[in-house]
Amino acid sequence: MTAAVLANNLWVLVCGLFVFMMTIAVGLLEVGELGERVIQSLVKTILITGLAVLVMAVIGFNTAFAPTVGGIIGNPFYGPGLILGAFSPGITDSWWSVSGAGLRTAYFLFETAFAAVTLALVGVVALHKMKLSAFAIYSVVYFVVIWALPAAWIWNPSGWLAKLGMVDFAGGLVVHGAAGAAGLGIVWQIWREEKAGGRKTSEVVPYRVNPGWLTIAILLLWVGWFGFNPGSVLAFNDEAIVVVETTFVAAAAAMASTSITAYMLTKELFNPLYVVNGILMGLIVITPLAGFVSPGSALILGLLCGPIFCYAERFVGRAKWMSDPVGLFPGHLVGGVFGVLMIALFAQNQFATGSGFPTLPNGLLFGGGGAAVKQLGIEVLGIVVAVATVFLISNLTVRALAALMKGITTGHLSAQEAETITAADR
Amino acid sequence: MTAAVLANNLWVLVCGLFVFMMTIAVGLLEVGELGERVIQSLVKTILITGLAVLVMAVIGFNTAFAPTVGGIIGNPFYGPGLILGAFSPGITDSWWSVSGAGLRTAYFLFETAFAAVTLALVGVVALHKMKLSAFAIYSVVYFVVIWALPAAWIWNPSGWLAKLGMVDFAGGLVVHGAAGAAGLGIVWQIWREEKAGGRKTSEVVPYRVNPGWLTIAILLLWVGWFGFNPGSVLAFNDEAIVVVETTFVAAAAAMASTSITAYMLTKELFNPLYVVNGILMGLIVITPLAGFVSPGSALILGLLCGPIFCYAERFVGRAKWMSDPVGLFPGHLVGGVFGVLMIALFAQNQFATGSGFPTLPNGLLFGGGGAAVKQLGIEVLGIVVAVATVFLISNLTVRALAALMKGITTGHLSAQEAETITAADR
Amino acid sequence: MTAAVLANNLWVLVCGLFVFMMTIAVGLLEVGELGERVIQSLVKTILITGLAVLVMAVIGFNTAFAPTVGGIIGNPFYGPGLILGAFSPGITDSWWSVSGAGLRTAYFLFETAFAAVTLALVGVVALHKMKLSAFAIYSVVYFVVIWALPAAWIWNPSGWLAKLGMVDFAGGLVVHGAAGAAGLGIVWQIWREEKAGGRKTSEVVPYRVNPGWLTIAILLLWVGWFGFNPGSVLAFNDEAIVVVETTFVAAAAAMASTSITAYMLTKELFNPLYVVNGILMGLIVITPLAGFVSPGSALILGLLCGPIFCYAERFVGRAKWMSDPVGLFPGHLVGGVFGVLMIALFAQNQFATGSGFPTLPNGLLFGGGGAAVKQLGIEVLGIVVAVATVFLISNLTVRALAALMKGITTGHLSAQEAETITAADR
């Protein structure tokens, strides 16, 4: 390997390891926000981590990144990807055609970690409500099909959306938006079962901040995002370092703007939930365009996050038929989609070139004109199709599981039991 | 340094740092499995970490890796190794002859972290039973002699077993098997003292899962193993990336097979102890051959882990004279030795060449024939001699300490007190 | 980028990320030493982390590292530094003239993490006593002026102390000494308000060790120091690896010597507070000269830490008018200043050359003679001026805030309430 190829592989591998930690960090975030009553759900995030590696290694990496069948899904039986080449020692080079960075199978760990953390985000709506066995089976379908489709369309260079020119730097749609859509498919089925059980509103798990776990969670997530965004350059170059800056600046600016917005709305200063959710919102919004924009634009995007999150939280995910205490919908769905749309406003071709997208036009704010409007149209098309498809397959999957398992819900989280648990809680 | 040498040193240094975290992770694993009643033993793992650095820097690195005296033990007074060269600024190059990767003293941190985590594994049987002062003195002997001997024999190229052709990629025997043997030496002495005190069976510390610490522990251990195995290539090359895959795939497959085996035996699904111990068992078993096998073989080895661990747990370490709640014997001793034996079945020369072992023959399953049988004999010889030696020296050391200190046990963990502690426990 | 420049940037970026974790680790250290009663102060360390990134990106990086105005302070309006170049895609190269390592803006993350952790150290005296809003405003002043001045003087090559020949490898003065001085400025104002409220002595928060958080804290701090010191070579070369050794050996030796000294003074063996504070003291003392000394010297320096810390703890920070339970003054102020002074005794030019300081003379113990004495004079001058300036500006800042906000203290931590909190504490 040349010096540059060595550096690229080292970079993607270490970044992949940081992302790998995020799955469990999402579990700790649940505990940090909802209290130790949900601590048993940590086993869920451990299972997700292991199943991601197993299923992606056997077949899921193929369905996402092998040469696609008609631009729709990667060929599941593509030789080099089946069990990572099975027993063949000859396959160490990549079989997908990314940016010419000479990546070896470092890319496998990187993308597997992405798939795992996406499912962890979906899983925050499972709470104690969904049977763990149902969630485990759902995971397998998830890694083979539900996660793979948007990845095959947008990140696989032979995907139909990628060929149209759609871009999504580190997964505003492929990760965050799609996680929201998949979660919506689960929440809807949970509500069908709750309603059938005679409930008028979905049971809500109230906040009970545990500052220790919350702090560990946000630390691991912020460090993980260092892998998530800068690693998504898929090479170690000047632009990878710029992405560290855009990512961190957006997070910091969003922390400030969310804290201030929340103060204006609630008169409470520095509520840990808003401080932490502000950081997360900044990280989510910058994700799809961290490699296309300047630090100055990242600052502006971060400052926009406060109002967006606070109002989204009031109007999204507060319907009587859903329980979304950790903010999957106002945070990841709204934030991810918003970030993707901002590509058409804030992108600067010179940054995008460093990320491996030399044909991305400047955004409207940087003189992109008609090309930027066209880009906006492509991004909207991708958002609509991906969100709808993921929602549909996710919902059909849990419906099928409900038919097989006499419902996917446990029935455990009755309002009364929630109180009981609360009493034992610190 | 050339680009390749720069990458090799960066790789081994960062991998060493990840392994460095594992010592404390083992302490957190104890707390995660046995509950906060053992949380004071965390100071033990902090002490191990510090003492490892101190003792290895002064002399232990020499006894393991300096040119050996007759293949038995490294020359303790070899100049470049005494206090890492003491005040001489001229010594930055390695003085051991590993794989030609141009490693500088990055290798010191890497191997010191290995020594530390091995002792942390030994220490899981100390519980509250062994005096912390006795354990601290034992630590010094451990790093100078007990850990150093198998390392000098197998990993030091001038060691007698290395010269015979024995291989142990990242320490199935040098770390895991030897940790089990050393622990057995301690447990036996504890039992002698318990029996002398009138007990009929060794006191057992019951499980009390603490999901938060258990999750942090398994996260740090898994991340640490990223350093442990892939770093053991001692170079950053294609094979190092393959080792990430074999390591992670074995862990994931073992998680699945152990969960399923435990379900068949106990009818309880997704017990956190079996999920976590499955991951660990996969990581242990793949350790001695992660750099010699394909991802496909790693998958098979991982699937074998479930039955092996579940049955080993039933038949090993459950004798009335030992208390081994964290699974040192069924996990590390049985798993480590099993993995070493599997070298003779699953090795493929092309992978081993990338790890720096170009003369390792294919295993029996890959047409190794007579050469593989001979390799099996060498590995069995090494296992028998190393386990016996380490057990003996470990036991003699604690006997000597018992004579000096009027017993190594505290007498604190009476059955009654264990109950009392339990009541205060969460 | 050439291979060496690639490696340098990768190194500084990854090291910067490890330092980035230390801010929150300091918060966990407070919880580990004082118990969960201070756990709400974790939001303080999250705020510090975010504000550091935001303020340094907008202007603070300029005031520290842009070309200085008369050697005193970096030009705040220097174009390339304002919001990291704002929207300009042309600025990826460094605008400061460090060691010729070809660093890109990786240096921004590295130094921002340093600024953040320095303020976290200052913040350990805030406890619940100081209003969080006052601390947040103080943070902005801190990053723009208080942290920036010593950095601009000593680490910015155009600073007046740097031009005199003052060196401070990784911040014995710029980080630890200055943190102590700034903390003193806050503690004095807290005492003024407590005295005005009728108190005879400052309220003290008693120790209540929480071994779990203490262990996580020391782990993150130790790992963070891997970034802190070795990263401060600002290049990946042989010397960077030697710095790993000097740093780790000093920490380990200090753990041993502090444990033994504490045992001689208190007859209590392995008190977790002394084990952990010993490690920290070793890391602090080696910080200003880790890149100038041999592993042998690091061992000696570490062994000196035990007596220094234990006696400093008895005589510093125990005045009736201050509460410093986490040891900012005996640890960071005394240890940092002591380490800086030791440069004139232990430095060896050949090591310093590898760190980018080829003109640093040998210390007195290595034949430095007159040049070493002159170096001592320069270091003393720098210590006196920096400590006095930082103390003064810090105190004036909190006095101004007190005038604006009717005091900076909350009045919450009455002795009675402290008791009440204690009862609920584990």
# chains A, B, ... in the order shown; residues from 1 in each chain; ligands from 1
$ closest_atom_pairs --of "chain B" --to "chain A" --cutoff "6 Å" --atoms "only C-alpha atoms" --output "Markdown table"
| residue | atom | partner | partner_atom | distance |
| --- | --- | --- | --- | --- |
| B:Ala3 | CA | A:Ala3 | CA | 5.2 |
| B:Val249 | CA | A:Leu54 | CA | 6.0 |
| B:Ala252 | CA | A:Gly50 | CA | 4.5 |
| B:Ser294 | CA | A:Phe87 | CA | 5.0 |
| B:Pro295 | CA | A:Ala86 | CA | 5.8 |
| B:Gly296 | CA | A:Ala86 | CA | 4.1 |
$ residues_around --residues "Val316 in chain C" --least-positions-apart "6" --cutoff "9 Å" --atoms "only C-alpha atoms" --output "PyMOL selection string"
chain C and resi 329-330+334
$ residues_around --residues "Leu34 in chain B" --least-positions-apart "3" --cutoff "6 Å" --atoms "only C-alpha atoms" --output "list in words"
Glu30, Val31, Tyr207, Arg208 and Val209 of chain B
$ select_by_dssp --residues "range 130-213 of chain A" --states "alpha helix (DSSP H)" --output "ChimeraX atom specification"
/A:132-141,148-150,160-164,178-196,211-213
$ residues_around --residues "Phe65 in chain A" --least-positions-apart "6" --cutoff "9 Å" --atoms "only C-alpha atoms" --output "PyMOL selection string"
chain A and resi 73-75+81+95-96+148+151-152+155-158
$ write_last_selection --atoms "all heavy atoms" --output "CSV table (one decimal), in the first residue's frame"
chain,number,residue,atom,x,y,z
A,73,ILE,N,-31.0,-3.2,-5.3
A,73,ILE,CA,-30.4,-3.9,-4.1
A,73,ILE,C,-29.2,-4.6,-4.6
A,73,ILE,O,-29.1,-5.1,-5.7
A,73,ILE,CB,-31.5,-4.9,-3.5
A,73,ILE,CG1,-30.9,-5.4,-2.1
A,73,ILE,CG2,-31.8,-6.1,-4.4
A,73,ILE,CD1,-32.0,-6.0,-1.2
A,74,GLY,N,-28.2,-4.7,-3.6
A,74,GLY,CA,-27.0,-5.4,-4.0
A,74,GLY,C,-27.2,-6.9,-4.2
A,74,GLY,O,-28.0,-7.5,-3.5
A,75,ASN,N,-26.4,-7.5,-5.0
A,75,ASN,CA,-26.5,-8.9,-5.3
A,75,ASN,C,-26.2,-9.7,-4.1
A,75,ASN,O,-25.0,-9.7,-3.6
A,75,ASN,CB,-25.6,-9.2,-6.5
A,75,ASN,CG,-25.5,-10.7,-6.7
A,75,ASN,OD1,-26.2,-11.5,-6.1
A,75,ASN,ND2,-24.7,-11.1,-7.7
A,81,GLY,N,-18.4,-11.1,-1.2
A,81,GLY,CA,-19.1,-10.6,0.0
A,81,GLY,C,-19.7,-11.6,0.8
A,81,GLY,O,-20.0,-11.4,2.0
A,95,TRP,N,-14.5,-4.6,-3.2
A,95,TRP,CA,-15.2,-5.0,-4.4
A,95,TRP,C,-16.3,-3.9,-4.8
A,95,TRP,O,-17.0,-4.1,-5.7
A,95,TRP,CB,-15.9,-6.3,-4.3
A,95,TRP,CG,-17.0,-6.3,-3.2
A,95,TRP,CD1,-18.3,-6.0,-3.4
A,95,TRP,CD2,-16.8,-6.7,-1.9
A,95,TRP,NE1,-19.0,-6.1,-2.2
A,95,TRP,CE2,-18.1,-6.6,-1.3
A,95,TRP,CE3,-15.8,-7.2,-1.1
A,95,TRP,CZ2,-18.3,-6.9,0.1
A,95,TRP,CZ3,-16.0,-7.5,0.2
A,95,TRP,CH2,-17.2,-7.4,0.8
A,96,TRP,N,-16.3,-2.8,-4.1
A,96,TRP,CA,-17.2,-1.7,-4.4
A,96,TRP,C,-16.3,-0.6,-4.9
A,96,TRP,O,-15.1,-0.5,-4.6
A,96,TRP,CB,-18.0,-1.3,-3.2
A,96,TRP,CG,-17.1,-0.9,-2.1
A,96,TRP,CD1,-16.6,0.3,-1.9
A,96,TRP,CD2,-16.5,-1.8,-1.2
A,96,TRP,NE1,-15.7,0.3,-0.8
A,96,TRP,CE2,-15.7,-1.0,-0.4
A,96,TRP,CE3,-16.6,-3.2,-0.9
A,96,TRP,CZ2,-14.9,-1.6,0.6
A,96,TRP,CZ3,-15.9,-3.7,0.1
A,96,TRP,CH2,-15.1,-2.9,0.9
A,148,ALA,N,-30.4,-1.9,4.1
A,148,ALA,CA,-29.6,-2.1,2.9
A,148,ALA,C,-30.2,-1.2,1.7
A,148,ALA,O,-29.5,-0.7,0.9
A,148,ALA,CB,-29.6,-3.5,2.5
A,151,ALA,N,-29.1,2.4,1.5
A,151,ALA,CA,-27.7,2.4,1.3
A,151,ALA,C,-27.4,2.0,-0.1
A,151,ALA,O,-26.5,2.6,-0.8
A,151,ALA,CB,-27.0,1.4,2.3
A,152,ALA,N,-28.1,1.0,-0.6
A,152,ALA,CA,-27.8,0.5,-2.0
A,152,ALA,C,-28.2,1.6,-3.0
A,152,ALA,O,-27.6,1.7,-4.0
A,152,ALA,CB,-28.6,-0.8,-2.3
A,155,TRP,N,-25.6,5.2,-1.4
A,155,TRP,CA,-24.2,5.1,-1.1
A,155,TRP,C,-23.5,4.1,-2.1
A,155,TRP,O,-22.3,4.2,-2.2
A,155,TRP,CB,-24.0,4.7,0.3
A,155,TRP,CG,-24.2,5.9,1.3
A,155,TRP,CD1,-24.4,7.2,0.9
A,155,TRP,CD2,-24.2,5.8,2.7
A,155,TRP,NE1,-24.5,7.9,2.1
A,155,TRP,CE2,-24.4,7.1,3.2
A,155,TRP,CE3,-24.1,4.8,3.6
A,155,TRP,CZ2,-24.5,7.4,4.5
A,155,TRP,CZ3,-24.2,5.1,5.0
A,155,TRP,CH2,-24.4,6.4,5.4
A,156,ASN,N,-24.3,3.2,-2.6
A,156,ASN,CA,-23.7,2.3,-3.6
A,156,ASN,C,-23.6,3.0,-4.9
A,156,ASN,O,-24.7,3.4,-5.4
A,156,ASN,CB,-24.6,1.0,-3.7
A,156,ASN,CG,-23.9,-0.1,-4.5
A,156,ASN,OD1,-23.3,0.2,-5.5
A,156,ASN,ND2,-24.1,-1.3,-4.1
A,157,PRO,N,-22.4,3.1,-5.5
A,157,PRO,CA,-22.4,4.0,-6.7
A,157,PRO,C,-23.2,3.4,-7.8
A,157,PRO,O,-23.6,4.2,-8.8
A,157,PRO,CB,-20.9,3.9,-7.1
A,157,PRO,CG,-20.2,3.3,-5.9
A,157,PRO,CD,-21.1,2.6,-5.1
A,158,SER,N,-23.7,2.2,-7.8
A,158,SER,CA,-24.5,1.7,-8.8
A,158,SER,C,-26.0,1.8,-8.5
A,158,SER,O,-26.8,1.3,-9.2
A,158,SER,CB,-24.2,0.2,-9.1
A,158,SER,OG,-24.5,-0.6,-8.0
$ residues_around --residues "Pro307 in chain B" --least-positions-apart "6" --cutoff "8 Å" --atoms "only C-alpha atoms" --output "ChimeraX atom specification"
/B:257-258,261
$ write_last_selection --atoms "N, CA and C atoms" --output "short mmCIF file (atom, residue, chain, number, x, y, z; two decimals), in the first residue's frame"
data_model
loop_
_atom_site.label_atom_id
_atom_site.label_comp_id
_atom_site.auth_asym_id
_atom_site.auth_seq_id
_atom_site.Cartn_x
_atom_site.Cartn_y
_atom_site.Cartn_z
N SER B 257 -24.60 -18.20 19.15
CA SER B 257 -24.66 -19.63 19.48
C SER B 257 -24.77 -19.84 20.99
N THR B 258 -24.13 -18.97 21.78
CA THR B 258 -24.24 -19.11 23.23
C THR B 258 -25.64 -18.75 23.72
N THR B 261 -27.77 -21.80 22.74
CA THR B 261 -27.48 -22.96 23.58
C THR B 261 -28.03 -22.76 25.00
#
$ atom_distance --atom1 "CA of Ala182 in chain A" --atom2 "CA of Gly79 in chain A"
29.5 Å
$ select_by_dssp --residues "range 29-163 of chain B" --states "strand (DSSP E or B)" --output "PyMOL selection string"
chain B and resi 68-69+73-74+93+104+130
$ write_last_selection --atoms "N, CA, C and O atoms" --output "PDB file, in the first residue's frame"
ATOM      1  N   THR B  68      17.024 -14.319  25.111  1.00  0.00           N
ATOM      2  CA  THR B  68      16.825 -15.231  26.236  1.00  0.00           C
ATOM      3  C   THR B  68      18.120 -15.903  26.679  1.00  0.00           C
ATOM      4  O   THR B  68      19.074 -16.027  25.916  1.00  0.00           O
ATOM      5  N   VAL B  69      18.095 -16.352  27.912  1.00  0.00           N
ATOM      6  CA  VAL B  69      19.151 -17.198  28.457  1.00  0.00           C
ATOM      7  C   VAL B  69      18.711 -18.643  28.210  1.00  0.00           C
ATOM      8  O   VAL B  69      17.786 -19.136  28.863  1.00  0.00           O
ATOM      9  N   ILE B  73      14.345 -17.679  29.656  1.00  0.00           N
ATOM     10  CA  ILE B  73      13.882 -16.394  30.172  1.00  0.00           C
ATOM     11  C   ILE B  73      14.773 -15.299  29.608  1.00  0.00           C
ATOM     12  O   ILE B  73      15.973 -15.504  29.396  1.00  0.00           O
ATOM     13  N   GLY B  74      14.157 -14.127  29.343  1.00  0.00           N
ATOM     14  CA  GLY B  74      14.932 -13.011  28.805  1.00  0.00           C
ATOM     15  C   GLY B  74      15.959 -12.542  29.826  1.00  0.00           C
ATOM     16  O   GLY B  74      15.714 -12.586  31.035  1.00  0.00           O
ATOM     17  N   ASP B  93      15.190   2.238  18.886  1.00  0.00           N
ATOM     18  CA  ASP B  93      14.841   1.104  18.035  1.00  0.00           C
ATOM     19  C   ASP B  93      14.574  -0.129  18.904  1.00  0.00           C
ATOM     20  O   ASP B  93      14.961  -0.188  20.054  1.00  0.00           O
ATOM     21  N   ARG B 104       9.264   0.543  16.810  1.00  0.00           N
ATOM     22  CA  ARG B 104      10.026   1.182  17.850  1.00  0.00           C
ATOM     23  C   ARG B 104       9.473   0.711  19.192  1.00  0.00           C
ATOM     24  O   ARG B 104       8.781  -0.309  19.271  1.00  0.00           O
ATOM     25  N   MET B 130      -8.953 -12.543  48.866  1.00  0.00           N
ATOM     26  CA  MET B 130      -7.502 -12.426  48.970  1.00  0.00           C
ATOM     27  C   MET B 130      -7.137 -11.016  49.433  1.00  0.00           C
ATOM     28  O   MET B 130      -7.698 -10.032  48.955  1.00  0.00           O
TER      29      MET B 130
END
$ decode --residues "range 369-379 of chain A" --atoms "all heavy atoms" --output "short mmCIF file (atom, residue, chain, number, x, y, z; two decimals), in the first residue's frame"
data_model
loop_
_atom_site.label_atom_id
_atom_site.label_comp_id
_atom_site.auth_asym_id
_atom_site.auth_seq_id
_atom_site.Cartn_x
_atom_site.Cartn_y
_atom_site.Cartn_z
N GLY A 369 -27.64 28.55 -8.21
CA GLY A 369 -28.69 28.80 -9.20
C GLY A 369 -29.47 27.57 -9.61
O GLY A 369 -29.85 26.75 -8.75
N GLY A 370 -29.68 27.41 -10.89
CA GLY A 370 -30.51 26.32 -11.41
C GLY A 370 -30.00 24.95 -11.02
O GLY A 370 -30.77 24.04 -10.70
N ALA A 371 -28.67 24.80 -11.00
CA ALA A 371 -28.13 23.49 -10.64
C ALA A 371 -28.49 23.14 -9.20
O ALA A 371 -28.78 21.98 -8.88
CB ALA A 371 -26.60 23.49 -10.81
N ALA A 372 -28.51 24.14 -8.34
CA ALA A 372 -28.85 23.89 -6.94
C ALA A 372 -30.33 23.52 -6.81
O ALA A 372 -30.70 22.65 -6.01
CB ALA A 372 -28.53 25.12 -6.08
N VAL A 373 -31.18 24.18 -7.60
CA VAL A 373 -32.61 23.86 -7.56
C VAL A 373 -32.83 22.43 -8.03
O VAL A 373 -33.61 21.68 -7.43
CB VAL A 373 -33.41 24.85 -8.43
CG1 VAL A 373 -34.88 24.42 -8.49
CG2 VAL A 373 -33.29 26.26 -7.86
N LYS A 374 -32.12 22.05 -9.08
CA LYS A 374 -32.24 20.68 -9.57
C LYS A 374 -31.78 19.70 -8.49
O LYS A 374 -32.40 18.66 -8.25
CB LYS A 374 -31.39 20.51 -10.83
CG LYS A 374 -31.59 19.15 -11.48
CD LYS A 374 -30.65 18.92 -12.67
CE LYS A 374 -30.60 17.44 -13.01
NZ LYS A 374 -29.35 17.09 -13.69
N GLN A 375 -30.69 20.04 -7.82
CA GLN A 375 -30.18 19.19 -6.75
C GLN A 375 -31.24 19.05 -5.64
O GLN A 375 -31.46 17.96 -5.12
CB GLN A 375 -28.89 19.78 -6.16
CG GLN A 375 -28.17 18.88 -5.17
CD GLN A 375 -27.58 17.64 -5.83
OE1 GLN A 375 -27.16 17.68 -6.98
NE2 GLN A 375 -27.59 16.53 -5.11
N LEU A 376 -31.90 20.16 -5.33
CA LEU A 376 -32.95 20.12 -4.31
C LEU A 376 -34.04 19.14 -4.70
O LEU A 376 -34.51 18.34 -3.88
CB LEU A 376 -33.54 21.53 -4.12
CG LEU A 376 -34.59 21.67 -3.02
CD1 LEU A 376 -34.02 21.31 -1.66
CD2 LEU A 376 -35.17 23.08 -3.00
N GLY A 377 -34.42 19.18 -5.99
CA GLY A 377 -35.45 18.26 -6.46
C GLY A 377 -35.04 16.81 -6.29
O GLY A 377 -35.82 15.96 -5.85
N ILE A 378 -33.79 16.52 -6.64
CA ILE A 378 -33.30 15.15 -6.50
C ILE A 378 -33.32 14.71 -5.04
O ILE A 378 -33.74 13.59 -4.70
CB ILE A 378 -31.86 15.04 -7.07
CG1 ILE A 378 -31.87 15.31 -8.58
CG2 ILE A 378 -31.28 13.66 -6.78
CD1 ILE A 378 -30.47 15.48 -9.17
N GLU A 379 -32.88 15.61 -4.16
CA GLU A 379 -32.84 15.25 -2.74
C GLU A 379 -34.25 15.00 -2.20
O GLU A 379 -34.48 14.06 -1.43
CB GLU A 379 -32.16 16.36 -1.92
CG GLU A 379 -30.72 16.71 -2.34
CD GLU A 379 -29.70 15.62 -2.05
OE1 GLU A 379 -29.94 14.81 -1.15
OE2 GLU A 379 -28.66 15.58 -2.76
#
